[in-house]
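J.: Let me give you the structure first, and then I'll get to my questions.
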Amino acid sequence: MALRVLHYADVEAAYDAPERVGRLAGLVDELRDAETVVCGGGDDTGPGVLSVVTDGRQSLEFFWAVDPDAETFGNHDFDHGVDALLSVVADAPQPWLCANATRDGEPFGAEAGVEPWTITEAGGIRVGIVGVAHPETAAINPNAAPVAFTDPIPAVREAADALRARDVDRTLVVSHCGDDADLARAVDVDLVLGGHDHERWADRIDGTLVCRPGGTGRSLLEVSFEGARPTATHHAVDDAPLDADVADAICDRMDAAGLSDVVGTATEPVVCDMRACKRGESRIGNLITDAYRWRTGADVAVNSGGGFRRRASLAGDVTAFDLVSVTPYAADLVRLQVDGGALTATLRALALESAPADLPAWHFGHVSGARVVWDDATGELREARVDGERIDPASSYAVATTEFFVASDRLFPALGPGDVVDRWGRQYEAVVEYVRETGLDPELDGRIHRPTLDEDAVPERDWPHSP
């Protein structure tokens with residue numbers, strides 16, 4: 001008998017395509033036999049539209065069907081906070097493994113059943129599996145901040161020693177670290193199953209097979225231990241058998257969340273491409289910020305545009321799912337009260353000058369309730385008005401944005417947690433309700449004017465800071 005391993009990772013937004021998740025589950029079922037171990041490599045609860053509105057619990061439909069032997073944590077699994085993640089862990093059928101995570105000095109998630117390693121048996125073969133997360137998980141995702149993540153190499157060494165002491169026949173690492181080359185060189189294991197990086201990969205590093213399945217549920221990795229050395233095969237999911245029960249359950253989740261509801265009709269398509277999301281005033285940018293201001297009654301609303309997701313234009317009948325997919329984030333919409341000086345600084349920050357140094361100079365945010373004139377040649381705010389009037393530094397203004405921009409000091413540093421006076425629920429709910437109540441016909445009105453912008457500097461093609 002030869003051990004076989006099936007490995008998926010970074011399922012992420014595949015849940016927004018129910019048939020794809022159904023086919024991934026169907027492929028696992030088709031390839032699995034008594035000598036097979038099934039592992040998940042993290043980021044398998046989200047992100048995605050459905051993940052946002054269910055706090056990642058839509059993944060349970062897939063987990064219950066596939067019944068994996070092991071799963072580790074990815075950075076996006078913390079998108080909805082530690083408590084939401086541990087709720088999924090408690091209700092999922094598989095062991096969750098993470099050997100390099102602690103909380104308050106104790107192993108993370110132990111109360112919900114998280115372990116550093118596990119032992120399973122496949123066809124009489126004892127297989128030890130250890131899981132590790134990216135050491136920078138908390139830096140990548142602030143919602144993971146209550147958890148401390150350490151160097152995975154010492155954690156894997158310790159776990160591998162413990163597994164060998166229990167007479168396992170094979171030792172596997174399930175990792176969400178991306179580049180696992182250093183890990184493979186430093187530890188004595190039979191196989192490293194990776195995640196985080198969405199590129200399909202299989203290579204031997206110092207004799208250890210290191211492989212990744214690729215992202216968004218588009219392929220499934222199979223590793224066979226038949227022969228002298230394990231070999232890896234990537235299976236495409238597109239033509240796999242469909243597990244209709246999984247696909248239908250995911251659709252039911254969408255219906256129950258109201259995502260399938262048509263909430264508006266776009267007579268003229270609302271473009272959501274890179275230019276529309278990233279370079280300043282656009283119909284989609286005006287729609288989102290107008291919704292924020294409408295919901296909160298604020299004087300001004302702002303958004304950096306960095307969180308806008310490119311997608312097909314909003315055209316014809318538009319569903320709640322379509323709208324949430326533009327800004328699929330669970331952050332609350334908040335209203336702040338600030339003086340005119342802070343408001344002016346915030347409008348100046350629409351130029352995103354405090355963002356990463358490699359952000360193109362033409363990137364710009366979005367605003368509602370104000371008119372700004374930005375000089376790209378000099379990098380200066382020429383003019384800023386609210387209701388046609390110049391901003392009074394001594395006056396008070398209500399500003400609406402998402403809690404993300406309040407918690408971070410990188411994009412709108414003049415806004416702080418102490419300025420928050422009201423919360424209005426998740427930001428995408430405001431957009432859905434705005435369209436439901438007022439319709440879907442955003443217009444350009446010249447609220448952002450950039451007279452010296454070099455249009456040739458704005459490429460038509462996608463750019464890395466354009467998710």
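Scheme for the structure tokens: letters A, B, ... for chains in order shown; per-chain residue numbers from 1; ligand numbers from 1 in order shown.
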Excluding region 200-202 of chain A and any residue of its chain fewer than 4 positions from it, enumerate the residues within 7 Å of it, using only C-alpha atoms, and give them as a PyMOL selection string.

T.: chain A and resi 210-214+232

J.: May I have a table of the residues of region 174-243 of chain A lying at most 9 Å from region 37-47 of chain A, giving each one's closest pair of atoms and their distance in Å to one decimal, counting only C-alpha atoms, ordered by chain and ascending residue number, as a tab-separated table?

T.:
residue	atom	partner	partner_atom	distance
A:Val174	CA	A:Gly41	CA	5.8
A:Ser175	CA	A:Gly41	CA	6.0
A:His176	CA	A:Gly41	CA	5.8
A:Leu193	CA	A:Gly41	CA	7.1
A:Gly194	CA	A:Gly41	CA	6.2
A:Gly195	CA	A:Gly41	CA	5.2
A:His196	CA	A:Gly42	CA	7.4
A:Arg212	CA	A:Gly41	CA	8.7
A:Thr216	CA	A:Asp44	CA	8.9

J.: Just the residues within 12 Å of region 429-433 of chain A, please, counting only C-alpha atoms, with nothing from its chain fewer than 6 positions along; format it as number ranges by chain.

T.: A: 52-53, 257-264, 284-297, 318-334, 400-402, 423, 439-440

J.: Export, as an mmCIF file, in the first residue's frame, the selected residues with C-alpha atoms.

T.:
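As written to disk, selection.cif reads:
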data_model
loop_
_atom_site.group_PDB
_atom_site.id
_atom_site.type_symbol
_atom_site.label_atom_id
_atom_site.label_comp_id
_atom_site.auth_asym_id
_atom_site.auth_seq_id
_atom_site.Cartn_x
_atom_site.Cartn_y
_atom_site.Cartn_z
ATOM 1 C CA VAL A 52 -17.624 38.583 5.061
ATOM 2 C CA VAL A 53 -21.343 38.233 5.713
ATOM 3 C CA ALA A 257 -27.724 36.348 3.722
ATOM 4 C CA GLY A 258 -29.770 38.303 1.165
ATOM 5 C CA LEU A 259 -26.859 38.408 -1.263
ATOM 6 C CA SER A 260 -28.981 37.122 -4.153
ATOM 7 C CA ASP A 261 -31.520 39.955 -3.789
ATOM 8 C CA VAL A 262 -31.700 42.448 -6.649
ATOM 9 C CA VAL A 263 -31.442 45.850 -4.967
ATOM 10 C CA GLY A 264 -31.089 48.176 -7.941
ATOM 11 C CA ILE A 284 -18.121 53.849 -8.281
ATOM 12 C CA GLY A 285 -16.100 55.966 -5.843
ATOM 13 C CA ASN A 286 -18.909 58.510 -5.639
ATOM 14 C CA LEU A 287 -21.445 55.723 -5.052
ATOM 15 C CA ILE A 288 -19.545 54.259 -2.103
ATOM 16 C CA THR A 289 -18.735 57.529 -0.354
ATOM 17 C CA ASP A 290 -22.204 58.993 -1.021
ATOM 18 C CA ALA A 291 -23.650 55.887 0.641
ATOM 19 C CA TYR A 292 -21.446 56.382 3.688
ATOM 20 C CA ARG A 293 -22.523 60.019 4.023
ATOM 21 C CA TRP A 294 -26.201 59.185 3.395
ATOM 22 C CA ARG A 295 -26.232 56.512 6.077
ATOM 23 C CA THR A 296 -24.480 58.560 8.764
ATOM 24 C CA GLY A 297 -25.662 62.096 7.998
ATOM 25 C CA VAL A 318 -27.546 44.524 -9.506
ATOM 26 C CA THR A 319 -27.640 42.249 -6.472
ATOM 27 C CA ALA A 320 -26.481 42.811 -2.932
ATOM 28 C CA PHE A 321 -23.649 40.380 -3.723
ATOM 29 C CA ASP A 322 -22.493 42.649 -6.587
ATOM 30 C CA LEU A 323 -22.344 45.674 -4.319
ATOM 31 C CA VAL A 324 -20.638 43.945 -1.405
ATOM 32 C CA SER A 325 -18.015 42.562 -3.801
ATOM 33 C CA VAL A 326 -16.747 46.120 -4.435
ATOM 34 C CA THR A 327 -15.807 46.605 -0.762
ATOM 35 C CA PRO A 328 -15.989 43.103 0.797
ATOM 36 C CA TYR A 329 -14.735 44.061 4.236
ATOM 37 C CA ALA A 330 -16.315 43.602 7.642
ATOM 38 C CA ALA A 331 -15.150 46.973 9.004
ATOM 39 C CA ASP A 332 -17.802 49.117 10.657
ATOM 40 C CA LEU A 333 -18.901 52.403 9.173
ATOM 41 C CA VAL A 334 -18.154 55.133 11.719
ATOM 42 C CA ALA A 400 -17.806 59.244 7.814
ATOM 43 C CA THR A 401 -15.360 56.482 6.949
ATOM 44 C CA THR A 402 -14.638 52.896 7.957
ATOM 45 C CA ARG A 423 -21.022 53.350 14.648
ATOM 46 C CA GLY A 439 -31.405 53.782 -6.920
ATOM 47 C CA LEU A 440 -28.213 53.142 -8.851
#

J.: Show me, as number ranges by chain, the residues that have an atom within 8 Å of Asn75 (chain A) when counting only C-alpha atoms, minus same-chain residues fewer than 5 positions from it.

T.: A: 42-43, 133-134, 137-138, 140-141, 144

J.: Could you take the residues named above and write them with N, CA and C atoms, as a CSV table (one decimal), in the first residue's frame?

T.:
chain,number,residue,atom,x,y,z
A,42,GLY,N,-4.7,26.5,4.9
A,42,GLY,CA,-4.9,27.8,5.4
A,42,GLY,C,-5.6,28.7,4.4
A,43,ASP,N,-6.2,29.8,4.9
A,43,ASP,CA,-7.0,30.7,4.1
A,43,ASP,C,-8.1,30.0,3.4
A,133,ALA,N,1.8,28.4,10.9
A,133,ALA,CA,1.3,29.6,10.2
A,133,ALA,C,2.5,30.6,9.9
A,134,HIS,N,2.2,31.5,9.0
A,134,HIS,CA,3.2,32.5,8.7
A,134,HIS,C,3.6,33.3,9.9
A,137,THR,N,1.9,36.7,10.5
A,137,THR,CA,0.4,36.7,10.4
A,137,THR,C,-0.2,37.9,11.0
A,138,ALA,N,0.2,38.2,12.3
A,138,ALA,CA,-0.4,39.3,13.0
A,138,ALA,C,-0.1,40.7,12.3
A,140,ILE,N,0.4,40.9,9.0
A,140,ILE,CA,-0.3,40.9,7.7
A,140,ILE,C,-1.8,41.2,8.0
A,141,ASN,N,-2.3,40.7,9.1
A,141,ASN,CA,-3.8,40.9,9.4
A,141,ASN,C,-3.9,41.3,10.9
A,144,ALA,N,-5.5,39.4,13.7
A,144,ALA,CA,-4.8,38.3,14.4
A,144,ALA,C,-3.9,38.8,15.5

J.: Just want the 9 Å neighbourhood of Thr231 (chain A), counted on only C-alpha atoms, with same-chain residues fewer than 5 positions away dropped. Output as a list in words.

T.: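 The residues satisfying every condition are Ala202, Leu209, Glu222, Val223, Ser224, Phe225 and Glu226 of chain A.
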
J.: Could you check the closest approach to Leu50 (chain A) for each of A:Leu172, A:Val130, A:Ala148, A:Ala13 and tell me which residue wins, using only C-alpha atoms?

T.: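 Closest to Leu50 (chain A), using only C-alpha atoms: A:Ala13.
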
J.: Taking 4 positions as the minimum chain separation for residues in the same chain, which residues sit within 10 Å of Glu281 (chain A) when counting only C-alpha atoms? Answer as a ChimeraX atom specification.

T.: /A:275-277,285-286,305,364-368,443-450

J.: Any chance you can output those residues with N, CA and C atoms as a compact mmCIF listing (two decimals), in the first residue's frame?

T.:
# COMPACT_ATOMS: atom_id res chain seq x y z
N ARG A 275 -8.75 52.12 -13.00
CA ARG A 275 -8.81 53.58 -13.01
C ARG A 275 -9.95 54.08 -12.12
N ALA A 276 -11.10 53.44 -12.24
CA ALA A 276 -12.26 53.88 -11.48
C ALA A 276 -12.02 53.73 -9.98
N CYS A 277 -11.32 52.68 -9.59
CA CYS A 277 -11.12 52.41 -8.17
C CYS A 277 -9.97 53.20 -7.57
N GLY A 285 -16.60 55.31 -7.05
CA GLY A 285 -16.10 55.97 -5.84
C GLY A 285 -17.14 56.90 -5.24
N ASN A 286 -17.85 57.63 -6.12
CA ASN A 286 -18.91 58.51 -5.64
C ASN A 286 -20.05 57.71 -5.01
N GLY A 305 -9.86 54.20 -1.47
CA GLY A 305 -9.95 53.51 -2.76
C GLY A 305 -9.07 52.29 -2.81
N PHE A 364 -5.27 57.88 -5.88
CA PHE A 364 -5.98 58.94 -5.16
C PHE A 364 -7.23 58.33 -4.54
N GLY A 365 -7.71 58.93 -3.44
CA GLY A 365 -8.88 58.42 -2.75
C GLY A 365 -10.18 58.99 -3.28
N HIS A 366 -11.25 58.79 -2.50
CA HIS A 366 -12.59 59.21 -2.91
C HIS A 366 -13.23 60.01 -1.78
N VAL A 367 -14.16 60.90 -2.15
CA VAL A 367 -14.76 61.80 -1.16
C VAL A 367 -16.20 62.10 -1.54
N SER A 368 -17.02 62.37 -0.53
CA SER A 368 -18.39 62.85 -0.73
C SER A 368 -18.60 64.03 0.20
N GLU A 443 -23.33 59.84 -10.43
CA GLU A 443 -22.86 60.79 -11.45
C GLU A 443 -21.51 61.38 -11.06
N LEU A 444 -20.81 61.87 -12.06
CA LEU A 444 -19.59 62.64 -11.82
C LEU A 444 -19.99 64.10 -11.67
N ASP A 445 -19.46 64.76 -10.64
CA ASP A 445 -19.85 66.15 -10.40
C ASP A 445 -18.65 67.06 -10.16
N GLY A 446 -17.44 66.57 -10.43
CA GLY A 446 -16.26 67.41 -10.30
C GLY A 446 -15.78 67.60 -8.88
N ARG A 447 -16.14 66.69 -8.00
CA ARG A 447 -15.75 66.85 -6.59
C ARG A 447 -14.25 66.68 -6.39
N ILE A 448 -13.58 65.98 -7.29
CA ILE A 448 -12.12 65.87 -7.24
C ILE A 448 -11.57 66.41 -8.56
N HIS A 449 -10.79 67.47 -8.47
CA HIS A 449 -10.23 68.09 -9.67
C HIS A 449 -8.71 68.02 -9.60
N ARG A 450 -8.11 67.47 -10.65
CA ARG A 450 -6.64 67.32 -10.69
C ARG A 450 -6.13 67.93 -11.99

J.: Quote the spacing between CA of Ala342 (chain A) and CA of Phe404 (chain A) in Å to one decimal place.

T.: 17.4 Å

J.: So that I can check the surroundings of Pro18 (chain A), please list as JSON, numbers by chain every protein, DNA and RNA residue that reaches within 7 Å of it, counting only C-alpha atoms and ignoring chain neighbours fewer than 6 positions away.

T.: {"A": [247, 250, 251]}

J.: Write the selection just made, keeping N, CA and C atoms, as an mmCIF file, in the first residue's frame?

T.:
data_model
loop_
_atom_site.group_PDB
_atom_site.id
_atom_site.type_symbol
_atom_site.label_atom_id
_atom_site.label_comp_id
_atom_site.auth_asym_id
_atom_site.auth_seq_id
_atom_site.Cartn_x
_atom_site.Cartn_y
_atom_site.Cartn_z
ATOM 1 N N ALA A 247 -22.469 22.619 -3.395
ATOM 2 C CA ALA A 247 -22.805 23.804 -4.182
ATOM 3 C C ALA A 247 -24.155 24.374 -3.760
ATOM 4 N N ILE A 250 -23.931 26.162 -0.371
ATOM 5 C CA ILE A 250 -23.315 27.485 -0.484
ATOM 6 C C ILE A 250 -24.320 28.475 -1.066
ATOM 7 N N CYS A 251 -25.076 28.053 -2.069
ATOM 8 C CA CYS A 251 -26.117 28.928 -2.632
ATOM 9 C C CYS A 251 -27.158 29.285 -1.575
#

J.: Step one, run DSSP on the backbone; step two, keep only residues of region 255-414 of chain A assigned to strand (DSSP E); then write them as a ChimeraX atom specification.

T.: /A:262-270,300-303,314-319,332-339,366-368,370-375,380-386,389-390,396-402

J.: What's the separation between CA of Glu268 (chain A) and CA of Pro459 (chain A), in Å to one decimal place?

T.: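 Separation between CA of Glu268 (chain A) and CA of Pro459 (chain A): 24.1 Å.
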
J.: Could you state the separation of CA of Val132 (chain A) and CA of Leu60 (chain A) in Å, given to one decimal place?

T.: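 Computing it gives 21.1 Å between the two atoms.
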
J.: For Ala414 (chain A), which residue out of A:Arg164, A:Arg348, A:Arg436, A:Arg390 is the nearest one, using only C-alpha atoms?

T.: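 When distances to Ala414 (chain A) are compared using only C-alpha atoms, the smallest one comes from A:Arg348.
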
J.: Taking only region 193-350 of chain A into account, list the residues labelled helix (DSSP H, G or I) by DSSP (computed from the backbone), as a PyMOL selection string.

T.: chain A and resi 244-256+274-278+283-296+320-324+340-350

J.: Nearest to Val173 (chain A) among A:Ala110, A:Ile153, A:Ala249, A:Val11, with distances taken over only C-alpha atoms: which residue is it?

T.: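 Among the listed residues, the smallest separation from Val173 (chain A) belongs to A:Ile153.
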